[in-house]
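Structure file final_8.txt with compact mmCIF, N, CA and C atoms:
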```
# COMPACT_ATOMS: atom_id res chain seq x y z
N MET A 810 0.85 -1.17 0.00
CA MET A 810 0.00 0.00 0.00
C MET A 810 0.90 1.24 0.00
N ARG A 811 0.60 2.14 -0.91
CA ARG A 811 1.39 3.37 -1.01
C ARG A 811 0.87 4.42 -0.04
N TYR A 812 1.80 5.14 0.55
CA TYR A 812 1.48 6.18 1.52
C TYR A 812 0.60 7.26 0.90
N ARG A 813 0.90 7.63 -0.33
CA ARG A 813 0.18 8.69 -1.02
C ARG A 813 -1.28 8.33 -1.26
N ASN A 814 -1.57 7.05 -1.48
CA ASN A 814 -2.94 6.60 -1.72
C ASN A 814 -3.80 6.69 -0.47
N VAL A 815 -3.18 6.83 0.69
CA VAL A 815 -3.92 6.98 1.94
C VAL A 815 -3.89 8.44 2.41
N ALA A 816 -2.74 9.08 2.28
CA ALA A 816 -2.57 10.43 2.81
C ALA A 816 -3.40 11.47 2.06
N LEU A 817 -3.46 11.37 0.75
CA LEU A 817 -4.20 12.35 -0.03
C LEU A 817 -5.71 12.29 0.26
N PRO A 818 -6.34 11.10 0.25
CA PRO A 818 -7.76 11.06 0.63
C PRO A 818 -7.98 11.52 2.07
N LEU A 819 -7.06 11.18 2.95
CA LEU A 819 -7.20 11.59 4.34
C LEU A 819 -7.18 13.11 4.47
N ALA A 820 -6.30 13.77 3.74
CA ALA A 820 -6.23 15.23 3.79
C ALA A 820 -7.49 15.87 3.23
N ILE A 821 -7.95 15.39 2.08
CA ILE A 821 -9.14 15.96 1.44
C ILE A 821 -10.37 15.77 2.31
N LEU A 822 -10.55 14.57 2.82
CA LEU A 822 -11.74 14.27 3.61
C LEU A 822 -11.68 14.89 5.00
N SER A 823 -10.49 15.14 5.52
CA SER A 823 -10.36 15.83 6.81
C SER A 823 -10.85 17.26 6.70
N ILE A 824 -10.54 17.90 5.58
CA ILE A 824 -11.05 19.26 5.35
C ILE A 824 -12.58 19.23 5.30
N GLY A 825 -13.13 18.22 4.63
CA GLY A 825 -14.58 18.07 4.59
C GLY A 825 -15.17 17.82 5.96
N ALA A 826 -14.49 17.02 6.79
CA ALA A 826 -14.98 16.75 8.15
C ALA A 826 -14.98 18.01 9.00
N ILE A 827 -13.98 18.85 8.82
CA ILE A 827 -13.94 20.12 9.55
C ILE A 827 -15.11 21.01 9.11
N LEU A 828 -15.37 21.05 7.80
CA LEU A 828 -16.51 21.83 7.30
C LEU A 828 -17.84 21.29 7.85
N GLU A 829 -17.99 19.98 7.87
CA GLU A 829 -19.21 19.37 8.39
C GLU A 829 -19.41 19.75 9.86
N THR A 830 -18.35 19.69 10.63
CA THR A 830 -18.44 20.03 12.05
C THR A 830 -18.81 21.50 12.23
N ALA A 831 -18.22 22.37 11.41
CA ALA A 831 -18.55 23.80 11.50
C ALA A 831 -20.02 24.04 11.14
N ILE A 832 -20.51 23.34 10.12
CA ILE A 832 -21.92 23.48 9.71
C ILE A 832 -22.83 22.99 10.83
N ALA A 833 -22.50 21.85 11.41
CA ALA A 833 -23.31 21.29 12.50
C ALA A 833 -23.33 22.24 13.70
N CYS A 834 -22.19 22.81 14.03
CA CYS A 834 -22.13 23.75 15.16
C CYS A 834 -22.89 25.03 14.88
N HIS A 835 -22.91 25.44 13.63
CA HIS A 835 -23.63 26.67 13.28
C HIS A 835 -25.14 26.48 13.36
N PHE A 836 -25.63 25.35 12.87
CA PHE A 836 -27.07 25.14 12.78
C PHE A 836 -27.68 24.45 13.99
N SER A 837 -26.90 23.75 14.77
CA SER A 837 -27.45 22.98 15.89
C SER A 837 -26.87 23.48 17.21
N VAL A 838 -27.74 23.88 18.08
CA VAL A 838 -27.31 24.34 19.40
C VAL A 838 -26.71 23.17 20.18
N ASP A 839 -27.28 21.98 20.00
CA ASP A 839 -26.79 20.81 20.72
C ASP A 839 -25.37 20.43 20.31
N ALA A 840 -25.03 20.65 19.05
CA ALA A 840 -23.71 20.24 18.55
C ALA A 840 -22.59 21.16 19.02
N ARG A 841 -22.92 22.36 19.42
CA ARG A 841 -21.88 23.33 19.78
C ARG A 841 -21.01 22.86 20.93
N GLY A 842 -21.58 22.27 21.91
CA GLY A 842 -20.80 21.80 23.04
C GLY A 842 -20.08 20.48 22.78
N TRP A 843 -20.52 19.77 21.77
CA TRP A 843 -19.96 18.45 21.47
C TRP A 843 -19.04 18.46 20.26
N TRP A 844 -18.64 19.62 19.77
CA TRP A 844 -17.87 19.66 18.53
C TRP A 844 -16.57 18.86 18.59
N PRO A 845 -15.84 18.79 19.71
CA PRO A 845 -14.61 17.97 19.67
C PRO A 845 -14.91 16.49 19.44
N LEU A 846 -15.98 16.01 20.06
CA LEU A 846 -16.35 14.61 19.88
C LEU A 846 -16.85 14.35 18.46
N ILE A 847 -17.66 15.26 17.95
CA ILE A 847 -18.18 15.14 16.57
C ILE A 847 -17.02 15.14 15.57
N LEU A 848 -16.10 16.06 15.74
CA LEU A 848 -14.95 16.13 14.85
C LEU A 848 -14.08 14.88 14.97
N GLY A 849 -13.87 14.42 16.19
CA GLY A 849 -13.06 13.21 16.40
C GLY A 849 -13.66 11.98 15.73
N ILE A 850 -14.97 11.81 15.88
CA ILE A 850 -15.64 10.66 15.25
C ILE A 850 -15.59 10.79 13.73
N SER A 851 -15.81 12.00 13.23
CA SER A 851 -15.73 12.22 11.77
C SER A 851 -14.33 11.90 11.25
N LEU A 852 -13.31 12.33 11.97
CA LEU A 852 -11.94 12.06 11.53
C LEU A 852 -11.61 10.57 11.61
N LEU A 853 -12.15 9.86 12.58
CA LEU A 853 -11.96 8.41 12.64
C LEU A 853 -12.62 7.72 11.44
N GLN A 854 -13.82 8.16 11.08
CA GLN A 854 -14.50 7.60 9.91
C GLN A 854 -13.70 7.88 8.64
N VAL A 855 -13.18 9.10 8.53
CA VAL A 855 -12.39 9.48 7.37
C VAL A 855 -11.11 8.65 7.31
N ALA A 856 -10.48 8.42 8.45
CA ALA A 856 -9.25 7.62 8.48
C ALA A 856 -9.53 6.17 8.07
N ALA A 857 -10.65 5.63 8.53
CA ALA A 857 -11.00 4.26 8.15
C ALA A 857 -11.25 4.16 6.64
N TYR A 858 -11.97 5.14 6.09
CA TYR A 858 -12.22 5.15 4.65
C TYR A 858 -10.90 5.28 3.88
N SER A 859 -10.03 6.18 4.31
CA SER A 859 -8.75 6.39 3.61
C SER A 859 -7.90 5.13 3.63
N PHE A 860 -7.91 4.43 4.75
CA PHE A 860 -7.17 3.18 4.84
C PHE A 860 -7.77 2.14 3.89
N ALA A 861 -9.10 2.05 3.85
CA ALA A 861 -9.75 1.11 2.92
C ALA A 861 -9.46 1.50 1.47
N PHE A 862 -9.45 2.80 1.18
CA PHE A 862 -9.11 3.29 -0.16
C PHE A 862 -7.70 2.84 -0.53
N GLY A 863 -6.76 2.98 0.40
CA GLY A 863 -5.39 2.55 0.16
C GLY A 863 -5.27 1.05 -0.01
N LEU A 864 -6.06 0.28 0.75
CA LEU A 864 -6.03 -1.18 0.60
C LEU A 864 -6.53 -1.61 -0.76
N VAL A 865 -7.59 -0.97 -1.24
CA VAL A 865 -8.12 -1.30 -2.57
C VAL A 865 -7.09 -0.97 -3.64
N ALA A 866 -6.40 0.16 -3.48
CA ALA A 866 -5.40 0.56 -4.46
C ALA A 866 -4.19 -0.37 -4.43
N GLY A 867 -3.87 -0.89 -3.27
CA GLY A 867 -2.72 -1.78 -3.15
C GLY A 867 -1.43 -1.05 -3.44
N ASP A 868 -0.55 -1.67 -4.21
CA ASP A 868 0.74 -1.07 -4.55
C ASP A 868 0.70 -0.26 -5.84
N ARG A 869 -0.48 -0.16 -6.45
CA ARG A 869 -0.59 0.60 -7.68
C ARG A 869 -0.38 2.09 -7.42
N ARG A 870 0.26 2.73 -8.38
CA ARG A 870 0.45 4.18 -8.29
C ARG A 870 -0.74 4.84 -8.97
N LEU A 871 -1.60 5.46 -8.18
CA LEU A 871 -2.77 6.14 -8.71
C LEU A 871 -2.43 7.58 -9.06
N SER A 872 -3.06 8.11 -10.08
CA SER A 872 -2.80 9.50 -10.43
C SER A 872 -3.42 10.42 -9.37
N SER A 873 -2.77 11.53 -9.16
CA SER A 873 -3.26 12.49 -8.17
C SER A 873 -4.62 13.04 -8.56
N ILE A 874 -4.83 13.23 -9.85
CA ILE A 874 -6.12 13.75 -10.32
C ILE A 874 -7.24 12.78 -9.98
N TYR A 875 -7.00 11.50 -10.19
CA TYR A 875 -7.99 10.47 -9.87
C TYR A 875 -8.33 10.50 -8.38
N ILE A 876 -7.32 10.54 -7.55
CA ILE A 876 -7.54 10.54 -6.09
C ILE A 876 -8.28 11.80 -5.67
N VAL A 877 -7.87 12.95 -6.18
CA VAL A 877 -8.47 14.22 -5.78
C VAL A 877 -9.93 14.29 -6.25
N VAL A 878 -10.20 13.88 -7.49
CA VAL A 878 -11.57 13.97 -8.01
C VAL A 878 -12.50 13.02 -7.26
N LEU A 879 -12.12 11.77 -7.12
CA LEU A 879 -13.00 10.79 -6.46
C LEU A 879 -13.23 11.18 -5.00
N ASN A 880 -12.19 11.52 -4.29
CA ASN A 880 -12.35 11.85 -2.87
C ASN A 880 -12.90 13.26 -2.67
N GLY A 881 -12.67 14.15 -3.63
CA GLY A 881 -13.31 15.45 -3.59
C GLY A 881 -14.82 15.33 -3.75
N LEU A 882 -15.25 14.44 -4.64
CA LEU A 882 -16.68 14.18 -4.79
C LEU A 882 -17.27 13.61 -3.52
N PHE A 883 -16.53 12.71 -2.88
CA PHE A 883 -17.01 12.12 -1.63
C PHE A 883 -17.10 13.18 -0.54
N ALA A 884 -16.08 14.03 -0.42
CA ALA A 884 -16.10 15.10 0.59
C ALA A 884 -17.25 16.07 0.31
N ALA A 885 -17.45 16.41 -0.96
CA ALA A 885 -18.54 17.33 -1.32
C ALA A 885 -19.89 16.70 -1.01
N THR A 886 -20.02 15.40 -1.23
CA THR A 886 -21.26 14.70 -0.92
C THR A 886 -21.54 14.74 0.57
N ARG A 887 -20.50 14.49 1.36
CA ARG A 887 -20.66 14.53 2.82
C ARG A 887 -21.09 15.92 3.29
N VAL A 888 -20.47 16.96 2.75
CA VAL A 888 -20.82 18.33 3.15
C VAL A 888 -22.24 18.66 2.69
N TYR A 889 -22.60 18.23 1.47
CA TYR A 889 -23.96 18.46 0.97
C TYR A 889 -24.99 17.79 1.87
N VAL A 890 -24.75 16.54 2.24
CA VAL A 890 -25.69 15.82 3.10
C VAL A 890 -25.81 16.50 4.45
N CYS A 891 -24.71 17.00 4.96
CA CYS A 891 -24.74 17.72 6.23
C CYS A 891 -25.59 18.99 6.10
N CYS A 892 -25.38 19.74 5.03
CA CYS A 892 -26.19 20.96 4.80
C CYS A 892 -27.66 20.60 4.61
N ALA A 893 -27.92 19.57 3.84
CA ALA A 893 -29.30 19.16 3.57
C ALA A 893 -29.99 18.67 4.85
N TYR A 894 -29.23 18.04 5.72
CA TYR A 894 -29.79 17.55 6.98
C TYR A 894 -30.40 18.70 7.77
N TYR A 895 -29.70 19.82 7.82
CA TYR A 895 -30.20 20.97 8.57
C TYR A 895 -31.18 21.80 7.77
N ALA A 896 -31.15 21.70 6.45
CA ALA A 896 -32.07 22.46 5.61
C ALA A 896 -33.46 21.83 5.57
N ILE A 897 -33.52 20.51 5.74
CA ILE A 897 -34.80 19.80 5.71
C ILE A 897 -35.43 19.91 7.09
N SER A 898 -36.45 20.70 7.19
CA SER A 898 -37.12 20.88 8.47
C SER A 898 -38.24 19.86 8.58
N ILE A 899 -38.16 19.03 9.60
CA ILE A 899 -39.22 18.05 9.81
C ILE A 899 -39.87 18.25 11.18
N ALA A 900 -39.74 19.44 11.73
CA ALA A 900 -40.34 19.71 13.04
C ALA A 900 -41.86 19.57 12.98
N ARG A 901 -42.46 19.99 11.84
CA ARG A 901 -43.91 19.85 11.71
C ARG A 901 -44.33 18.39 11.60
N ALA A 902 -43.43 17.54 11.13
CA ALA A 902 -43.78 16.14 10.96
C ALA A 902 -44.05 15.48 12.31
N ALA A 903 -43.39 15.95 13.35
CA ALA A 903 -43.63 15.38 14.67
C ALA A 903 -45.03 15.75 15.17
N ALA A 904 -45.46 16.97 14.88
CA ALA A 904 -46.77 17.41 15.33
C ALA A 904 -47.89 16.93 14.40
N TYR A 905 -47.61 16.92 13.11
CA TYR A 905 -48.62 16.55 12.11
C TYR A 905 -48.04 15.51 11.15
N PRO A 906 -47.84 14.27 11.61
CA PRO A 906 -47.19 13.27 10.75
C PRO A 906 -47.99 12.93 9.49
N HIS A 907 -49.30 13.12 9.52
CA HIS A 907 -50.11 12.80 8.35
C HIS A 907 -50.02 13.87 7.26
N LEU A 908 -49.49 15.05 7.58
CA LEU A 908 -49.40 16.13 6.60
C LEU A 908 -48.09 16.12 5.80
N ILE A 909 -47.04 15.55 6.36
CA ILE A 909 -45.73 15.62 5.72
C ILE A 909 -45.23 14.20 5.45
N GLU A 910 -44.88 13.98 4.21
CA GLU A 910 -44.24 12.71 3.84
C GLU A 910 -42.91 13.05 3.18
N LEU A 911 -41.84 12.50 3.71
CA LEU A 911 -40.51 12.78 3.18
C LEU A 911 -40.29 12.01 1.89
N THR A 912 -39.58 12.63 0.97
CA THR A 912 -39.20 11.95 -0.26
C THR A 912 -38.13 10.92 0.05
N PRO A 913 -37.85 9.99 -0.86
CA PRO A 913 -36.78 9.01 -0.60
C PRO A 913 -35.43 9.67 -0.34
N LEU A 914 -35.13 10.77 -1.05
CA LEU A 914 -33.88 11.48 -0.82
C LEU A 914 -33.85 12.07 0.59
N GLN A 915 -34.94 12.68 1.01
CA GLN A 915 -35.01 13.23 2.35
C GLN A 915 -34.90 12.14 3.41
N GLN A 916 -35.54 11.00 3.16
CA GLN A 916 -35.44 9.89 4.10
C GLN A 916 -34.00 9.38 4.20
N ALA A 917 -33.30 9.34 3.06
CA ALA A 917 -31.91 8.89 3.08
C ALA A 917 -31.03 9.87 3.83
N ILE A 918 -31.27 11.15 3.64
CA ILE A 918 -30.47 12.17 4.32
C ILE A 918 -30.74 12.16 5.82
N ARG A 919 -31.98 11.96 6.21
CA ARG A 919 -32.34 11.97 7.63
C ARG A 919 -32.10 10.62 8.31
N SER A 920 -31.69 9.63 7.56
CA SER A 920 -31.46 8.30 8.11
C SER A 920 -30.26 8.28 9.05
N ASN A 921 -30.35 7.44 10.06
CA ASN A 921 -29.22 7.27 10.97
C ASN A 921 -28.08 6.50 10.31
N TRP A 922 -28.38 5.79 9.23
CA TRP A 922 -27.37 4.95 8.57
C TRP A 922 -26.63 5.66 7.44
N SER A 923 -27.11 6.80 7.00
CA SER A 923 -26.51 7.45 5.83
C SER A 923 -25.04 7.78 6.04
N VAL A 924 -24.67 8.18 7.24
CA VAL A 924 -23.27 8.53 7.51
C VAL A 924 -22.37 7.30 7.35
N TYR A 925 -22.88 6.15 7.74
CA TYR A 925 -22.07 4.93 7.70
C TYR A 925 -22.09 4.26 6.33
N LEU A 926 -23.16 4.43 5.58
CA LEU A 926 -23.28 3.77 4.28
C LEU A 926 -22.79 4.64 3.13
N MET A 927 -22.60 5.93 3.38
CA MET A 927 -22.18 6.86 2.32
C MET A 927 -20.84 6.48 1.67
N PRO A 928 -19.86 5.97 2.39
CA PRO A 928 -18.59 5.63 1.73
C PRO A 928 -18.67 4.45 0.77
N LEU A 929 -19.66 3.59 0.94
CA LEU A 929 -19.71 2.36 0.14
C LEU A 929 -19.77 2.60 -1.37
N PRO A 930 -20.62 3.48 -1.89
CA PRO A 930 -20.61 3.68 -3.34
C PRO A 930 -19.26 4.17 -3.87
N PHE A 931 -18.57 4.99 -3.08
CA PHE A 931 -17.28 5.51 -3.52
C PHE A 931 -16.20 4.43 -3.48
N LEU A 932 -16.25 3.57 -2.47
CA LEU A 932 -15.29 2.46 -2.42
C LEU A 932 -15.57 1.44 -3.53
N ILE A 933 -16.84 1.20 -3.81
CA ILE A 933 -17.19 0.27 -4.89
C ILE A 933 -16.75 0.85 -6.24
N ALA A 934 -16.98 2.15 -6.44
CA ALA A 934 -16.53 2.79 -7.68
C ALA A 934 -15.01 2.73 -7.79
N HIS A 935 -14.33 2.97 -6.69
CA HIS A 935 -12.86 2.91 -6.68
C HIS A 935 -12.39 1.49 -7.00
N LEU A 936 -13.03 0.50 -6.42
CA LEU A 936 -12.67 -0.89 -6.70
C LEU A 936 -12.89 -1.21 -8.18
N ALA A 937 -14.03 -0.80 -8.72
CA ALA A 937 -14.31 -1.08 -10.14
C ALA A 937 -13.33 -0.35 -11.04
N LEU A 938 -13.07 0.92 -10.76
CA LEU A 938 -12.14 1.69 -11.58
C LEU A 938 -10.71 1.16 -11.47
N ALA A 939 -10.32 0.78 -10.27
CA ALA A 939 -8.96 0.25 -10.08
C ALA A 939 -8.79 -1.07 -10.83
N ARG A 940 -9.79 -1.92 -10.80
CA ARG A 940 -9.71 -3.20 -11.51
C ARG A 940 -9.73 -2.98 -13.03
N THR A 941 -10.56 -2.06 -13.49
CA THR A 941 -10.66 -1.77 -14.92
C THR A 941 -9.35 -1.19 -15.44
N ARG A 942 -8.79 -0.25 -14.69
CA ARG A 942 -7.54 0.38 -15.10
C ARG A 942 -6.41 -0.64 -15.10
N LEU A 943 -6.41 -1.54 -14.12
CA LEU A 943 -5.38 -2.57 -14.05
C LEU A 943 -5.50 -3.52 -15.24
N ALA A 944 -6.74 -3.91 -15.56
CA ALA A 944 -6.95 -4.82 -16.68
C ALA A 944 -6.54 -4.16 -18.00
N SER A 945 -6.87 -2.87 -18.17
CA SER A 945 -6.50 -2.20 -19.41
C SER A 945 -4.99 -1.98 -19.50
N ALA A 946 -4.35 -1.75 -18.37
CA ALA A 946 -2.88 -1.59 -18.38
C ALA A 946 -2.21 -2.91 -18.73
N ARG A 947 -2.75 -4.02 -18.25
CA ARG A 947 -2.18 -5.34 -18.59
C ARG A 947 -2.41 -5.67 -20.06
N ALA A 948 -3.56 -5.27 -20.59
CA ALA A 948 -3.87 -5.57 -21.99
C ALA A 948 -2.99 -4.77 -22.94
N GLN A 949 -2.55 -3.59 -22.52
CA GLN A 949 -1.73 -2.76 -23.39
C GLN A 949 -0.26 -3.15 -23.38
N ARG A 950 0.16 -3.90 -22.36
CA ARG A 950 1.56 -4.34 -22.31
C ARG A 950 1.82 -5.38 -23.39
N PRO A 951 2.99 -5.32 -23.98
CA PRO A 951 3.32 -6.38 -24.95
C PRO A 951 3.52 -7.70 -24.22
N PRO A 952 3.18 -8.80 -24.86
CA PRO A 952 3.35 -10.11 -24.21
C PRO A 952 4.83 -10.41 -24.01
N ARG A 953 5.12 -11.09 -22.92
CA ARG A 953 6.50 -11.47 -22.63
C ARG A 953 6.90 -12.67 -23.49
N GLU A 954 8.12 -12.64 -23.89
CA GLU A 954 8.61 -13.76 -24.70
C GLU A 954 9.17 -14.82 -23.81
N ALA A 955 8.89 -16.04 -24.13
CA ALA A 955 9.41 -17.18 -23.35
C ALA A 955 10.87 -17.40 -23.77
N GLY A 956 11.65 -17.74 -22.81
CA GLY A 956 13.00 -18.03 -23.25
C GLY A 956 14.00 -17.75 -22.31
```

How does the structure come out when it is put into structure tokens?
Amino acid sequence: MRYRNVALPLAILSIGAILETAIACHFSVDARGWWPLILGISLLQVAAYSFAFGLVAGDRRLSSIYIVVLNGLFAATRVYVCCAYYAISIARAAAYPHLIELTPLQQAIRSNWSVYLMPLPFLIAHLALARTRLASARAQRPPREAG
């Protein structure tokens, strides 16, 4: 596993985790006192994802653009979901549950599992892209001569 394949995603996603924590502290009074714990848990999740990203990459040298784009999209998705979580007001749903029905996207954003399941599509895409790129690189190499 190459150091760069872990460090670059970790740096990108750590910036996203800091933004998420700042957004949560801005919009939620409850989160303000818990920001060190929220940030710590977010950074642990980011570290686990970065390590898994590096394991999938293995010893392959990935381009910096590939790493930045894929993990930048993941960081942007996390920040978007955090913003959407606070933008979707469901306070009326508690008082009048028959009047408000959340869309599937809103249900996914408000789900307790979204934070934990969000990395999976990006890791699956990374696995598919890494395997495809490896297969195409092997196909382009000239065959070795026996002898």

Nearest residue to A:Leu852 out of A:Leu929, A:Ile874, A:Leu822, A:Tyr895, using only N, CA and C atoms?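 Selected residue with least distance to A:Leu852: A:Leu822.
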
Please identify the alpha helix (DSSP H) residues within stretch 824-948 of chain A (assignment by DSSP from backbone atoms) and present them as number ranges by chain. A: 824-836, 838-841, 844-866, 873-896, 900-904, 913-919, 923-926, 928-948

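In this model, the gap between atom CA of A:Val888 and atom CA of A:Ser923 comes to 12.6 Å.
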
Nearest to A:Arg919 among A:Leu817, A:Val877, A:Val838, A:Ala893, with distances taken over only N, CA and C atoms: which residue is it? A:Ala893

Could you tell me how far atom C of A:Leu932 sits from atom C of A:Ala861, in Å to one decimal place?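 Atom C of A:Leu932 lies at a distance of 7.9 Å from atom C of A:Ala861.
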
Minimum-distance residue to A:Leu882, chosen among A:Tyr894, A:Phe836, A:Phe931, A:Phe862 (using only C-alpha atoms):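 Under the stated criterion, the closest residue is A:Phe931.
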
Pick from A:Ala896, A:Ala857, A:Met810, A:Ala816, whichever lies nearest to A:Arg870 using only C-alpha atoms: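 Closest to A:Arg870 of all the choices is A:Met810.
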
For A:Leu871, which of A:His835, A:Arg887, A:Arg813, A:Arg841 is the closest residue, counting all atoms listed in the file?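 Once distances to A:Leu871 are computed over all atoms listed in the file, the minimum belongs to A:Arg813.
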
Non-local contacts of A:Ser823 (8 Å; all atoms listed in the file; under 4 positions in same chain excluded) as a list of chain:residue names: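 Answer for this query is A:Leu817, A:Pro818, A:Leu819, A:Ile827, A:Leu828, A:Glu829, A:Ser851, A:Leu852, A:Val855, A:Ala856, A:Ala884.
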
Please produce a file of those selected residues containing N, CA and C atoms, as an mmCIF file, in the coordinates of the input.
```cif
data_model
loop_
_atom_site.group_PDB
_atom_site.id
_atom_site.type_symbol
_atom_site.label_atom_id
_atom_site.label_comp_id
_atom_site.auth_asym_id
_atom_site.auth_seq_id
_atom_site.Cartn_x
_atom_site.Cartn_y
_atom_site.Cartn_z
ATOM 1 N N LEU A 817 -3.460 11.370 0.750
ATOM 2 C CA LEU A 817 -4.200 12.350 -0.030
ATOM 3 C C LEU A 817 -5.710 12.290 0.260
ATOM 4 N N PRO A 818 -6.340 11.100 0.250
ATOM 5 C CA PRO A 818 -7.760 11.060 0.630
ATOM 6 C C PRO A 818 -7.980 11.520 2.070
ATOM 7 N N LEU A 819 -7.060 11.180 2.950
ATOM 8 C CA LEU A 819 -7.200 11.590 4.340
ATOM 9 C C LEU A 819 -7.180 13.110 4.470
ATOM 10 N N ILE A 827 -13.980 18.850 8.820
ATOM 11 C CA ILE A 827 -13.940 20.120 9.550
ATOM 12 C C ILE A 827 -15.110 21.010 9.110
ATOM 13 N N LEU A 828 -15.370 21.050 7.800
ATOM 14 C CA LEU A 828 -16.510 21.830 7.300
ATOM 15 C C LEU A 828 -17.840 21.290 7.850
ATOM 16 N N GLU A 829 -17.990 19.980 7.870
ATOM 17 C CA GLU A 829 -19.210 19.370 8.390
ATOM 18 C C GLU A 829 -19.410 19.750 9.860
ATOM 19 N N SER A 851 -15.810 12.000 13.230
ATOM 20 C CA SER A 851 -15.730 12.220 11.770
ATOM 21 C C SER A 851 -14.330 11.900 11.250
ATOM 22 N N LEU A 852 -13.310 12.330 11.970
ATOM 23 C CA LEU A 852 -11.940 12.060 11.530
ATOM 24 C C LEU A 852 -11.610 10.570 11.610
ATOM 25 N N VAL A 855 -13.180 9.100 8.530
ATOM 26 C CA VAL A 855 -12.390 9.480 7.370
ATOM 27 C C VAL A 855 -11.110 8.650 7.310
ATOM 28 N N ALA A 856 -10.480 8.420 8.450
ATOM 29 C CA ALA A 856 -9.250 7.620 8.480
ATOM 30 C C ALA A 856 -9.530 6.170 8.070
ATOM 31 N N ALA A 884 -16.080 14.030 -0.420
ATOM 32 C CA ALA A 884 -16.100 15.100 0.590
ATOM 33 C C ALA A 884 -17.250 16.070 0.310
#
```

Give the answer as one residue: which of A:Glu910, A:Leu879, A:Ile897, A:Ala833 has the shortest atom-to-atom distance to A:His935, using all atoms listed in the file?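 Closest residue, counting all atoms listed in the file: A:Leu879.
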
Atomic separation - atom CA of A:Tyr889 relative to atom CA of A:Arg940, Å: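 According to the coordinates, atom CA of A:Arg940 and atom CA of A:Tyr889 are separated by 28.8 Å.
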